[in-house]
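Notes to accompany the following structure.
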Amino acid sequence: MFYQLFTVIPLSLFLGLTLGYDPTCSNNVVTYWGQNSWGGGHLDQPNNWEKPLASYCQDSTFDVINISFLTNFNLTGLPVLNHAFHCETVYNGTNTLHCPDIGADIKTCQANGKKVVLSLGGGNIYTYGLGSSADGQAFADTVWNMFLGGSHKFRPYDDAVLDGVDLDIESGEHTGYVAFINQLRTYFQGASKQYIISAAPQCVFPDANLGSTLSGAWIDNDYVQFYNNPCNLANIGNQWNFDYSSWDKLTKGNPNPNSKMYVGLPAGSGAAGNGYLDLATVKADLAQLYSSYPSTFGGIMLWDASWYSNNMAYVQELSSWVKSNMKCGSTNPLPSYSSSISSSAYATSSAPTYSLPTPY
């Protein structure tokens, strides 16, 4: 299989660029912040734990940062957040965090052209779910008022207004997420800013928790986790495991005609159970996917920011390469070649799944 070598922008020039998220482009780079997954495995090295949010908004490496996670929806009260060690203060009489420093960092990141999005859910240690349309609508009201453009007595990030919501739903009841998104979109109409609605399904198709949501609700970005499962990117040539075509078709069939799909990858060798690849291999694989599916290719997602801090050269080079070689619009600048990507559906009945590394 032949791949053309691409010219890479020197890193020193790349860091000086003032780029930002563009939903029409194929070179956006997304990460998750707030779980310090590297620190969870390196408790004796606190100096290398995940840095404050604003630290990841000082250059052009990332375009979107998802704050993780809102872990307990607590539908009869106030939702509960988990940001590892970053914020531990709660509003008096509640379990809801009050994080003014994170709020200030959100504003800094937004001023630097980044989109900062609230991610709901997380790995299997958390308890959450939306079991009905009524639950979804009511929870959307809460999220709008506490995190987005509404108002509430207990806003975790004070007056910082996040740029949307992300669904990293890996457990719990899930019949109410379509209604949740539909209700949020009623608020988005006429809003002074453009909001993002994204999801992070596992690569096994269809996703057990988000399948009906991804087909029935408006989704801007799908950050498909091509790791922690046999369908990880390392198996791109295995027709029995790797099924990118089905995700592409799902994205094209979304109610949002401009919906995009992202290749989710680990940002370090220990960031996931599998799926981490050397730079030469991951570049070749991404070039193949972009060449085959340019109209839906939105960029890459990297789990997570803490691993970026401890694997910086790798992440910066990969981000620079994506921004240099994946373009805007559906025009495909890459050479065509024979592809080994299979369109066979992945058999979910026998597929083991694994949660993300336990957050610290």
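Each chain of the structure tokens is named A, B, ... in the order shown, its residues numbered from 1; ligands are numbered from 1 in display order.
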
query = Got a sec: who's within 12 Å of Asn112 in chain A, counting only C-alpha atoms, leaving out chain neighbours fewer than 5 positions off, as a ChimeraX atom specification?
reply = /A:17-21,54-64,105-107

query = Could you pull the residues within 12 Å of Tyr187 in chain A, counting only C-alpha atoms, minus those fewer than 4 positions along the same chain, as a PyMOL selection string?
reply = chain A and resi 137+140-145+148-150+164+180-183+191-195

Could you make a table, as a tab-separated table, of the residues of range 170-249 of chain A that have an atom within 8 Å of an atom of range 292-316 of chain A, each with its nearest atom pair and distance in Å to one decimal, counting only C-alpha atoms, in chain and number order?
residue	atom	partner	partner_atom	distance
A:Asn221	CA	A:Gly298	CA	7.5
A:Tyr223	CA	A:Met301	CA	6.2
A:Asp248	CA	A:Thr296	CA	6.7

inquiry  = I need the residue nearest Asn229 in chain A from this list: A:Ala272, A:Ala160, A:Ala200, A:Ala217. Use only C-alpha atoms for the distance.
reply    =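 Using only C-alpha atoms, the shortest distance to Asn229 in chain A belongs to A:Ala272.
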
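Taking CA of Asp159 in chain A and CA of Ser119 in chain A as the two end points, the separation is 18.1 Å.
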
request  = Could you tell me which of A:Gly103, A:Gly34, A:Thr175, A:His98 comes closest to His86 in chain A if we count only C-alpha atoms?
outcome  =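 Among the listed residues, the smallest separation from His86 in chain A belongs to A:Gly34.
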
task = Please identify which residues in range 21-160 of chain A DSSP calls strand (DSSP E or B) from the backbone, and express them as a PyMOL selection string.
result = chain A and resi 25+28-33+64-72+80-81+90+97+115-122

key: Interatomic distance (Å, one decimal) between CA of Val322 in chain A and CA of Leu277 in chain A   =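 These two atoms are separated by 15.1 Å.
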
inquiry  = List the spatial neighbours of range 252-260 of chain A as a ChimeraX atom specification - criterion: any atom at most 12 Å away, only C-alpha atoms, same-chain residues fewer than 2 positions off excluded.
reply    = /A:22-28,178,181-182,185,196-199,211-224,245-250,262-263,290,293-300,328-330
